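Coordinates as given in protein-v9.pdb (PDB, C-alpha atoms):
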ATOM      1  CA  MET A   1     106.680  83.668  94.840
ATOM      2  CA  ARG A   2     110.140  82.638  93.607
ATOM      3  CA  ILE A   3     111.965  79.335  93.319
ATOM      4  CA  LYS A   4     115.763  79.522  93.135
ATOM      5  CA  VAL A   5     117.281  76.798  91.012
ATOM      6  CA  LEU A   6     120.965  76.088  91.574
ATOM      7  CA  MET A   7     122.715  73.968  88.971
ATOM      8  CA  GLY A   8     126.283  72.901  88.642
ATOM      9  CA  LEU A   9     127.511  73.155  92.222
ATOM     10  CA  MET A  10     126.846  69.498  92.838
ATOM     11  CA  LEU A  11     129.480  68.712  90.205
ATOM     12  CA  VAL A  12     132.314  70.309  92.162
ATOM     13  CA  PRO A  13     133.140  67.397  94.548
ATOM     14  CA  SER A  14     133.135  64.787  91.758
ATOM     15  CA  ILE A  15     135.260  66.930  89.455
ATOM     16  CA  LEU A  16     137.802  67.611  92.174
ATOM     17  CA  PHE A  17     137.918  63.931  93.055
ATOM     18  CA  ALA A  18     138.463  62.974  89.416
ATOM     19  CA  MET A  19     141.226  65.543  89.010
ATOM     20  CA  THR A  20     143.123  64.559  92.141
ATOM     21  CA  GLY A  21     142.652  60.812  91.590
ATOM     22  CA  CYS A  22     143.716  58.343  94.218
ATOM     23  CA  GLY A  23     147.184  59.801  94.624
ATOM     24  CA  SER A  24     149.012  56.933  92.827
ATOM     25  CA  GLU A  25     150.596  59.261  90.242
ATOM     26  CA  GLU A  26     152.457  62.404  91.154
ATOM     27  CA  THR A  27     152.669  65.586  89.097
ATOM     28  CA  PRO A  28     154.556  68.775  89.848
ATOM     29  CA  GLU A  29     152.858  70.634  92.718
ATOM     30  CA  THR A  30     152.596  73.900  90.874
ATOM     31  CA  SER A  31     150.981  72.210  87.876
ATOM     32  CA  VAL A  32     148.386  70.429  90.005
ATOM     33  CA  LYS A  33     147.449  73.590  91.855
ATOM     34  CA  SER A  34     147.161  75.508  88.631
ATOM     35  CA  GLU A  35     145.011  72.900  86.937
ATOM     36  CA  VAL A  36     142.761  72.440  89.986
ATOM     37  CA  ALA A  37     142.323  76.172  90.432
ATOM     38  CA  ALA A  38     141.486  76.621  86.764
ATOM     39  CA  ASP A  39     138.961  73.784  86.764
ATOM     40  CA  VAL A  40     137.320  74.927  90.003
ATOM     41  CA  GLU A  41     137.061  78.452  88.638
ATOM     42  CA  ALA A  42     135.432  77.085  85.483
ATOM     43  CA  VAL A  43     132.901  75.070  87.493
ATOM     44  CA  GLU A  44     132.060  78.041  89.716
ATOM     45  CA  GLU A  45     131.619  80.267  86.681
ATOM     46  CA  MET A  46     129.292  77.691  85.130
ATOM     47  CA  ALA A  47     127.296  77.471  88.372
ATOM     48  CA  THR A  48     127.018  81.251  88.551
ATOM     49  CA  GLN A  49     125.787  81.449  84.991
ATOM     50  CA  GLU A  50     123.219  78.716  85.569
ATOM     51  CA  GLU A  51     121.957  80.120  88.873
ATOM     52  CA  VAL A  52     118.570  81.530  87.957
ATOM     53  CA  GLU A  53     115.559  82.854  89.743
ATOM     54  CA  GLU A  54     112.634  81.204  88.130
ATOM     55  CA  ALA A  55     109.681  83.435  88.884
ATOM     56  CA  VAL A  56     106.271  81.827  88.969
ATOM     57  CA  ASP A  57     104.311  83.625  86.272
ATOM     58  CA  PRO A  58     101.118  85.162  87.751
ATOM     59  CA  ASP A  59      99.428  84.905  84.373
ATOM     60  CA  GLU A  60     100.052  81.149  84.308
ATOM     61  CA  MET A  61      98.667  80.776  87.830
ATOM     62  CA  PHE A  62      95.600  82.774  86.856
ATOM     63  CA  THR A  63      95.080  80.730  83.696
ATOM     64  CA  ARG A  64      95.305  77.505  85.684
ATOM     65  CA  PHE A  65      92.757  78.798  88.211
ATOM     66  CA  MET A  66      90.325  79.667  85.422
ATOM     67  CA  GLU A  67      90.763  76.262  83.782
ATOM     68  CA  GLU A  68      90.262  74.388  87.047
ATOM     69  CA  LYS A  69      87.092  76.360  87.800
ATOM     70  CA  ASN A  70      85.903  76.200  84.165
ATOM     71  CA  ILE A  71      85.675  80.001  83.896
ATOM     72  CA  GLN A  72      85.865  81.777  80.550
ATOM     73  CA  LEU A  73      85.397  85.410  81.622
ATOM     74  CA  LYS A  74      87.808  87.752  83.382
ATOM     75  CA  ALA A  75      86.834  90.724  85.540
ATOM     76  CA  ARG A  76      87.755  93.056  82.704
ATOM     77  CA  ASP A  77      85.287  91.327  80.364
ATOM     78  CA  VAL A  78      82.478  91.921  82.831
ATOM     79  CA  GLN A  79      83.416  95.366  84.107
ATOM     80  CA  PHE A  80      82.882  97.041  80.737
ATOM     81  CA  ASP A  81      79.807  95.013  79.791
ATOM     82  CA  MET A  82      77.960  94.252  83.029
ATOM     83  CA  GLN A  83      74.395  94.030  81.788
ATOM     84  CA  ASN A  84      75.284  91.361  79.234
ATOM     85  CA  ASN A  85      77.217  89.294  81.753
ATOM     86  CA  LEU A  86      74.903  89.140  84.749
ATOM     87  CA  ASP A  87      74.753  85.752  86.476
ATOM     88  CA  GLN A  88      77.954  84.776  84.634
ATOM     89  CA  LYS A  89      80.920  83.550  86.667
ATOM     90  CA  PHE A  90      84.167  85.459  86.092
ATOM     91  CA  ALA A  91      87.680  85.365  87.525
ATOM     92  CA  ILE A  92      89.821  88.033  89.157
ATOM     93  CA  MET A  93      93.348  87.993  90.589
ATOM     94  CA  GLY A  94      95.114  90.592  92.720
ATOM     95  CA  ASN A  95      95.945  91.954  96.145
ATOM     96  CA  ALA A  96      93.006  91.526  98.528
ATOM     97  CA  SER A  97      92.088  93.300 101.760
ATOM     98  CA  LEU A  98      89.015  93.585 103.958
ATOM     99  CA  ASP A  99      86.726  96.506 103.136
ATOM    100  CA  THR A 100      83.659  98.254 104.552
ATOM    101  CA  TYR A 101      81.974  99.283 101.295
ATOM    102  CA  TYR A 102      78.372  98.110 100.875
ATOM    103  CA  ASN A 103      76.311  99.890  98.229
ATOM    104  CA  TYR A 104      73.700  99.584  95.475
ATOM    105  CA  GLY A 105      72.031  96.168  95.454
ATOM    106  CA  PHE A 106      74.664  94.828  97.835
ATOM    107  CA  SER A 107      74.014  97.340 100.644
ATOM    108  CA  ASN A 108      71.954  94.852 102.663
ATOM    109  CA  LEU A 109      74.620  92.129 102.786
ATOM    110  CA  GLU A 110      76.736  93.388 105.692
ATOM    111  CA  GLN A 111      75.264  91.018 108.273
ATOM    112  CA  SER A 112      75.697  87.898 106.134
ATOM    113  CA  HIS A 113      78.719  88.774 103.961
ATOM    114  CA  PHE A 114      82.098  90.447 104.494
ATOM    115  CA  ALA A 115      83.541  92.789 101.877
ATOM    116  CA  VAL A 116      86.889  92.210 100.162
ATOM    117  CA  SER A 117      88.595  94.804  98.003
ATOM    118  CA  VAL A 118      90.606  93.229  95.168
ATOM    119  CA  GLU A 119      92.968  95.194  92.934
ATOM    120  CA  ASP A 120      92.419  93.393  89.644
ATOM    121  CA  GLU A 121      95.698  92.473  87.977
ATOM    122  CA  GLY A 122      94.350  89.723  85.770
ATOM    123  CA  ALA A 123      94.434  92.053  82.771
ATOM    124  CA  GLY A 124      97.857  93.452  83.562
ATOM    125  CA  TYR A 125      96.699  96.594  85.382
ATOM    126  CA  ALA A 126      95.195  97.447  88.744
ATOM    127  CA  ASP A 127      91.457  98.075  88.939
ATOM    128  CA  ARG A 128      89.509  97.776  92.183
ATOM    129  CA  TRP A 129      86.572  95.422  92.676
ATOM    130  CA  VAL A 130      84.658  94.764  95.898
ATOM    131  CA  LEU A 131      83.585  91.159  96.352
ATOM    132  CA  TYR A 132      81.164  89.984  99.032
ATOM    133  CA  PHE A 133      81.846  86.580 100.584
ATOM    134  CA  ASP A 134      79.462  84.615 102.791
ATOM    135  CA  ARG A 135      80.628  84.919 106.413
ATOM    136  CA  SER A 136      79.863  81.300 107.303
ATOM    137  CA  LYS A 137      81.166  79.619 104.164
ATOM    138  CA  PHE A 138      84.353  81.681 103.830
ATOM    139  CA  SER A 139      85.272  82.283 107.471
ATOM    140  CA  ASN A 140      88.814  81.021 106.792
ATOM    141  CA  LEU A 141      89.378  83.753 104.204
ATOM    142  CA  TYR A 142      87.996  86.342 106.612
ATOM    143  CA  GLU A 143      90.407  85.308 109.376
ATOM    144  CA  THR A 144      93.328  85.333 106.932
ATOM    145  CA  LEU A 145      92.549  88.848 105.692
ATOM    146  CA  LYS A 146      92.187  90.148 109.246
ATOM    147  CA  LYS A 147      95.929  89.508 109.568
ATOM    148  CA  GLY A 148      96.811  91.542 106.492
ATOM    149  CA  ASP A 149      96.565  91.890 102.725
ATOM    150  CA  THR A 150      96.842  88.660 100.729
ATOM    151  CA  TYR A 151      97.238  87.930  97.021
ATOM    152  CA  ILE A 152      94.314  85.815  95.764
ATOM    153  CA  ALA A 153      92.526  84.479  92.731
ATOM    154  CA  ALA A 154      88.739  84.506  93.049
ATOM    155  CA  ALA A 155      85.629  83.513  91.159
ATOM    156  CA  ALA A 156      82.741  85.951  91.341
ATOM    157  CA  VAL A 157      79.349  86.704  89.866
ATOM    158  CA  ILE A 158      76.998  89.695  89.630
ATOM    159  CA  PRO A 159      73.512  88.342  90.353
ATOM    160  CA  LYS A 160      70.822  89.848  88.166
ATOM    161  CA  ALA A 161      68.613  90.171  91.237
ATOM    162  CA  GLN A 162      71.123  92.509  92.905
ATOM    163  CA  TYR A 163      72.474  94.447  89.961
ATOM    164  CA  GLU A 164      71.631  98.148  89.723
ATOM    165  CA  ASP A 165      72.298 100.445  86.773
ATOM    166  CA  GLY A 166      75.458 102.487  87.216
ATOM    167  CA  GLN A 167      76.777 100.399  90.075
ATOM    168  CA  ASP A 168      80.448 100.144  90.904
ATOM    169  CA  ALA A 169      82.551  97.023  90.313
ATOM    170  CA  LEU A 170      80.659  94.953  92.894
ATOM    171  CA  ALA A 171      80.014  91.206  92.888
ATOM    172  CA  LEU A 172      79.487  88.132  95.043
ATOM    173  CA  GLY A 173      82.593  86.056  95.731
ATOM    174  CA  VAL A 174      81.868  82.349  95.197
ATOM    175  CA  GLU A 175      85.339  80.736  95.223
ATOM    176  CA  PHE A 176      88.908  81.731  96.010
ATOM    177  CA  GLU A 177      92.494  80.527  96.115
ATOM    178  CA  ILE A 178      95.266  82.178  98.112
ATOM    179  CA  LEU A 179      98.319  82.779  95.941
ATOM    180  CA  GLY A 180     100.410  85.017  98.178
ATOM    181  CA  GLY A 181     102.602  84.359 101.187
ATOM    182  CA  GLU A 182     101.924  84.970 104.847
ATOM    183  CA  PRO A 183     100.542  88.420 105.714
ATOM    184  CA  ALA A 184     103.127  90.852 107.023
ATOM    185  CA  ALA A 185     103.674  90.778 110.766
ATOM    186  CA  SER A 186     102.731  93.764 112.867
ATOM    187  CA  ASN A 187     105.546  96.203 113.614
ATOM    188  CA  GLU A 188     103.921  97.880 116.586
ATOM    189  CA  ALA A 189     106.143  98.817 119.505
ATOM    190  CA  GLY A 190     106.170  96.308 122.352
ATOM    191  CA  SER A 191     105.113  98.783 125.056
ATOM    192  CA  VAL A 192     102.111  99.867 122.988
ATOM    193  CA  VAL A 193     100.992  96.292 122.398
ATOM    194  CA  GLN A 194     101.447  95.466 126.054
ATOM    195  CA  ALA A 195      99.406  98.479 127.141
ATOM    196  CA  ALA A 196      96.520  97.469 124.885
ATOM    197  CA  GLU A 197      96.664  93.854 126.069
ATOM    198  CA  GLU A 198      96.714  94.863 129.739
ATOM    199  CA  TYR A 199      93.781  97.208 129.266
ATOM    200  CA  LYS A 200      91.877  94.545 127.367
ATOM    201  CA  SER A 201      92.458  92.049 130.163
ATOM    202  CA  GLN A 202      91.562  94.496 132.942
ATOM    203  CA  LYS A 203      88.311  95.497 131.280
ATOM    204  CA  GLY A 204      87.374  91.950 130.268
ATOM    205  CA  LEU A 205      87.141  92.836 126.578
ATOM    206  CA  ASP A 206      87.091  90.066 123.975
ATOM    207  CA  LEU A 207      86.675  92.180 120.857
ATOM    208  CA  LEU A 208      89.014  94.523 118.994
ATOM    209  CA  ALA A 209      88.021  97.368 116.690
ATOM    210  CA  GLN A 210      89.066  95.119 113.808
ATOM    211  CA  ASP A 211      86.467  92.531 114.820
ATOM    212  CA  ILE A 212      83.774  95.199 114.750
ATOM    213  CA  LEU A 213      84.746  97.154 111.660
ATOM    214  CA  TYR A 214      84.167  94.349 109.159
ATOM    215  CA  ASP A 215      81.114  92.881 110.939
ATOM    216  CA  MET A 216      79.260  95.784 112.592
ATOM    217  CA  LYS A 217      75.684  94.592 112.373
ATOM    218  CA  ASN A 218      76.531  91.422 114.252
ATOM    219  CA  HIS A 219      78.344  93.326 117.021
ATOM    220  CA  LEU A 220      76.047  96.213 117.915
ATOM    221  CA  ASP A 221      75.784  97.008 121.642
ATOM    222  CA  LYS A 222      78.977  95.051 122.350
ATOM    223  CA  GLU A 223      82.005  96.615 124.039
ATOM    224  CA  PHE A 224      85.311  96.502 122.168
ATOM    225  CA  LEU A 225      88.873  97.819 122.312
ATOM    226  CA  ILE A 226      90.137 100.803 120.312
ATOM    227  CA  SER A 227      93.768 101.861 120.750
ATOM    228  CA  GLY A 228      96.001 104.365 119.003
ATOM    229  CA  THR A 229      96.942 108.022 118.725
ATOM    230  CA  ALA A 230      94.033 110.328 119.539
ATOM    231  CA  SER A 231      93.177 113.965 118.911
ATOM    232  CA  LEU A 232      90.052 116.108 119.070
ATOM    233  CA  ASP A 233      87.866 115.968 115.965
ATOM    234  CA  THR A 234      84.817 117.732 114.488
ATOM    235  CA  TYR A 235      83.185 114.851 112.631
ATOM    236  CA  TYR A 236      79.535 114.167 113.485
ATOM    237  CA  ASN A 237      77.553 112.065 111.023
ATOM    238  CA  TYR A 238      74.886 109.401 110.576
ATOM    239  CA  GLY A 239      73.118 108.491 113.821
ATOM    240  CA  PHE A 240      75.724 110.358 115.880
ATOM    241  CA  ILE A 241      74.869 113.831 114.520
ATOM    242  CA  PRO A 242      72.612 114.745 117.516
ATOM    243  CA  LEU A 243      75.482 114.098 119.970
ATOM    244  CA  GLU A 244      77.488 117.278 119.298
ATOM    245  CA  LYS A 245      75.952 119.271 122.143
ATOM    246  CA  THR A 246      76.483 116.577 124.764
ATOM    247  CA  HIS A 247      79.564 114.749 123.422
ATOM    248  CA  PHE A 248      82.931 115.801 121.977
ATOM    249  CA  ALA A 249      84.501 113.853 119.124
ATOM    250  CA  VAL A 250      87.902 112.146 119.288
ATOM    251  CA  GLY A 251      89.674 110.816 116.199
ATOM    252  CA  VAL A 252      91.702 107.673 116.927
ATOM    253  CA  TRP A 253      94.048 105.979 114.447
ATOM    254  CA  ASP A 254      93.379 102.436 115.551
ATOM    255  CA  GLU A 255      96.243  99.922 115.486
ATOM    256  CA  SER A 256      94.203  96.824 114.690
ATOM    257  CA  THR A 257      92.581  98.304 111.569
ATOM    258  CA  GLY A 258      95.015 101.015 110.496
ATOM    259  CA  GLY A 259      92.015 103.288 110.002
ATOM    260  CA  LYS A 260      90.558 106.263 111.811
ATOM    261  CA  TRP A 261      87.705 105.802 114.288
ATOM    262  CA  THR A 262      85.677 108.708 115.604
ATOM    263  CA  VAL A 263      84.682 108.125 119.208
ATOM    264  CA  TYR A 264      82.200 110.335 121.062
ATOM    265  CA  PHE A 265      82.705 111.055 124.780
ATOM    266  CA  ASP A 266      80.281 112.663 127.212
ATOM    267  CA  ARG A 267      81.408 116.268 127.761
ATOM    268  CA  LYS A 268      80.717 116.246 131.517
ATOM    269  CA  GLU A 269      82.027 112.791 132.383
ATOM    270  CA  PHE A 270      85.212 113.154 130.328
ATOM    271  CA  ALA A 271      85.884 116.895 130.778
ATOM    272  CA  GLU A 272      89.480 116.201 131.860
ATOM    273  CA  LEU A 273      90.128 114.195 128.680
ATOM    274  CA  PHE A 274      88.753 117.067 126.617
ATOM    275  CA  GLU A 275      91.180 119.519 128.224
ATOM    276  CA  THR A 276      94.113 117.153 127.754
ATOM    277  CA  LEU A 277      93.439 116.602 124.055
ATOM    278  CA  LYS A 278      93.003 120.335 123.537
ATOM    279  CA  GLN A 279      96.689 120.653 124.324
ATOM    280  CA  THR A 280      98.210 117.649 122.540
ATOM    281  CA  GLU A 281      97.683 114.292 120.879
ATOM    282  CA  GLU A 282      97.870 111.257 123.159
ATOM    283  CA  TYR A 283      98.160 107.503 122.857
ATOM    284  CA  VAL A 284      94.895 106.116 124.247
ATOM    285  CA  THR A 285      93.188 102.814 124.906
ATOM    286  CA  ILE A 286      89.404 103.000 124.784
ATOM    287  CA  THR A 287      86.367 100.905 125.556
ATOM    288  CA  GLY A 288      83.976 101.653 122.717
ATOM    289  CA  ILE A 289      80.482 100.588 121.755
ATOM    290  CA  ILE A 290      78.172 101.105 118.775
ATOM    291  CA  PRO A 291      74.641 101.481 120.179
ATOM    292  CA  SER A 292      72.006  99.870 117.998
ATOM    293  CA  SER A 293      69.866 102.978 118.583
ATOM    294  CA  LEU A 294      72.469 105.143 116.806
ATOM    295  CA  TYR A 295      73.763 102.764 114.144
ATOM    296  CA  GLU A 296      73.056 103.394 110.461
ATOM    297  CA  ASP A 297      74.060 101.292 107.457
ATOM    298  CA  GLY A 298      77.331 102.376 105.916
ATOM    299  CA  GLN A 299      78.298 104.633 108.806
ATOM    300  CA  GLY A 300      81.884 103.466 109.072
ATOM    301  CA  GLU A 301      84.088 103.785 112.150
ATOM    302  CA  LEU A 302      81.842 105.645 114.601
ATOM    303  CA  ALA A 303      81.303 104.680 118.248
ATOM    304  CA  LYS A 304      80.617 105.986 121.736
ATOM    305  CA  GLY A 305      83.416 105.986 124.293
ATOM    306  CA  LEU A 306      82.671 104.350 127.638
ATOM    307  CA  ASP A 307      86.110 104.323 129.252
ATOM    308  CA  ILE A 308      89.649 105.421 128.402
ATOM    309  CA  SER A 309      93.275 105.137 129.523
ATOM    310  CA  ILE A 310      95.923 107.631 128.393
ATOM    311  CA  GLY A 311      99.505 106.519 127.712
ATOM    312  CA  THR A 312     101.145 103.098 127.678
ATOM    313  CA  GLY A 313     101.447 102.666 131.447
ATOM    314  CA  TYR A 314      99.071 102.217 134.369
TER     315      TYR A 314
END
As structure tokens, what does this structure read like?
Amino acid sequence: MRIKVLMGLMLVPSILFAMTGCGSEETPETSVKSEVAADVEAVEEMATQEEVEEAVDPDEMFTRFMEEKNIQLKARDVQFDMQNNLDQKFAIMGNASLDTYYNYGFSNLEQSHFAVSVEDEGAGYADRWVLYFDRSKFSNLYETLKKGDTYIAAAAVIPKAQYEDGQDALALGVEFEILGGEPAASNEAGSVVQAAEEYKSQKGLDLLAQDILYDMKNHLDKEFLISGTASLDTYYNYGFIPLEKTHFAVGVWDESTGGKWTVYFDRKEFAELFETLKQTEEYVTITGIIPSSLYEDGQGELAKGLDISIGTGY
């Protein structure tokens, strides 16, 4: 976040006007040109010297946030002394992104809270925390982070009731302030985006993989769109382990999340797809679903495939 301050240029018109006067007195042409050129050069040099980029100091912004929220502790103070700082509000600042990590005493929060990974820079170095924010209260933050990483300051607390010995840097997020600019725009190719949108419209899908990934428990048994480059995979885990005999696994680097989904397709129904992917990777658009009968906490990006289109055309 930078503010460019330009000083001195506004003086140029007035100086030139003063030097040229009203034209009532004449001086030799060469002398006037020389003097004007010299003075203009001096003004421009002064302006160049005084042109500065005044960077907004992150430390000052962080300090202001802590003062406004009446917070005395930083994440670093708590991280290395958790047991003596339970139920104490602390502040953290850094690059934030949505996460899928739920563990220790926070493992049961997925349905009510979304996870945010924050690279702590409040102490001058990066150290990752995962903060859990209430889905209803902080829905605006959730929607912002779905568009991309954002630089934030946040207030958090480790509740004594949820703390477990040896836990990672995990806490509840209770307040936040966005400090960064707009999330970066997607750079996906137009034909790829169009293919996904057409498929989504044809199949009547309202949800993307991104909508599911960070809110799985609230979207079980609901169809959603997965699109990206696909190849055969060997990963069977959690509730999907028993499927290996009847389903083959396909790894898909999904565009909406940037992460890898493993999608399981029926070997008989999708035999042609299996043969195609045995030969080469393909861009695919998939209708996926996470059956509640197969879902397990913390499973990550695993789903069954119900339908698929290969390529960017129809």
Straight-line distance linking CA of Lys89 in chain A with CA of Glu110 in chain A, stated in Å to one decimal: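 Computing the Euclidean distance for CA of Lys89 in chain A and CA of Glu110 in chain A yields 21.8 Å.
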Reference answer for the PyMOL selection byres ((chain A and resi 238) around 9), as an MDAnalysis selection string: chainID A and resid 236:237 239:241 294:299 302
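Closest approach to Gln162 in chain A from the set A:Met93, A:Leu109, A:Met61, A:Ala303 is made by A:Leu109, with distances taken over all atoms listed in the file.
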Hits of the PyMOL selection byres ((chain A and resi 277) around 12) in this structure, as a PyMOL selection string: chain A and resi 229-233+248-252+270-276+278-284+310
Ground truth for the PyMOL selection byres ((chain A and resi 203-208) around 8), written as number ranges by chain: A: 199-202, 209-212, 223-226, 256
Length of the CA of Leu220 in chain A to CA of Pro159 in chain A vector [Å]: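 Computing the Euclidean distance for CA of Leu220 in chain A and CA of Pro159 in chain A yields 28.8 Å.
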What residues have an atom no more than 8 Å from (90.5, 84.2, 87.6) in the file's own frame, counting only C-alpha atoms, and can you write them as a PDB file with C-alpha atoms, in the coordinates of the input?
ATOM      1  CA  PHE A  62      95.600  82.774  86.856  1.00  0.00           C
ATOM      2  CA  THR A  63      95.080  80.730  83.696  1.00  0.00           C
ATOM      3  CA  PHE A  65      92.757  78.798  88.211  1.00  0.00           C
ATOM      4  CA  MET A  66      90.325  79.667  85.422  1.00  0.00           C
ATOM      5  CA  ILE A  71      85.675  80.001  83.896  1.00  0.00           C
ATOM      6  CA  LEU A  73      85.397  85.410  81.622  1.00  0.00           C
ATOM      7  CA  LYS A  74      87.808  87.752  83.382  1.00  0.00           C
ATOM      8  CA  ALA A  75      86.834  90.724  85.540  1.00  0.00           C
ATOM      9  CA  PHE A  90      84.167  85.459  86.092  1.00  0.00           C
ATOM     10  CA  ALA A  91      87.680  85.365  87.525  1.00  0.00           C
ATOM     11  CA  ILE A  92      89.821  88.033  89.157  1.00  0.00           C
ATOM     12  CA  MET A  93      93.348  87.993  90.589  1.00  0.00           C
ATOM     13  CA  GLY A 122      94.350  89.723  85.770  1.00  0.00           C
ATOM     14  CA  ALA A 153      92.526  84.479  92.731  1.00  0.00           C
ATOM     15  CA  ALA A 154      88.739  84.506  93.049  1.00  0.00           C
ATOM     16  CA  ALA A 155      85.629  83.513  91.159  1.00  0.00           C
TER      17      ALA A 155
END
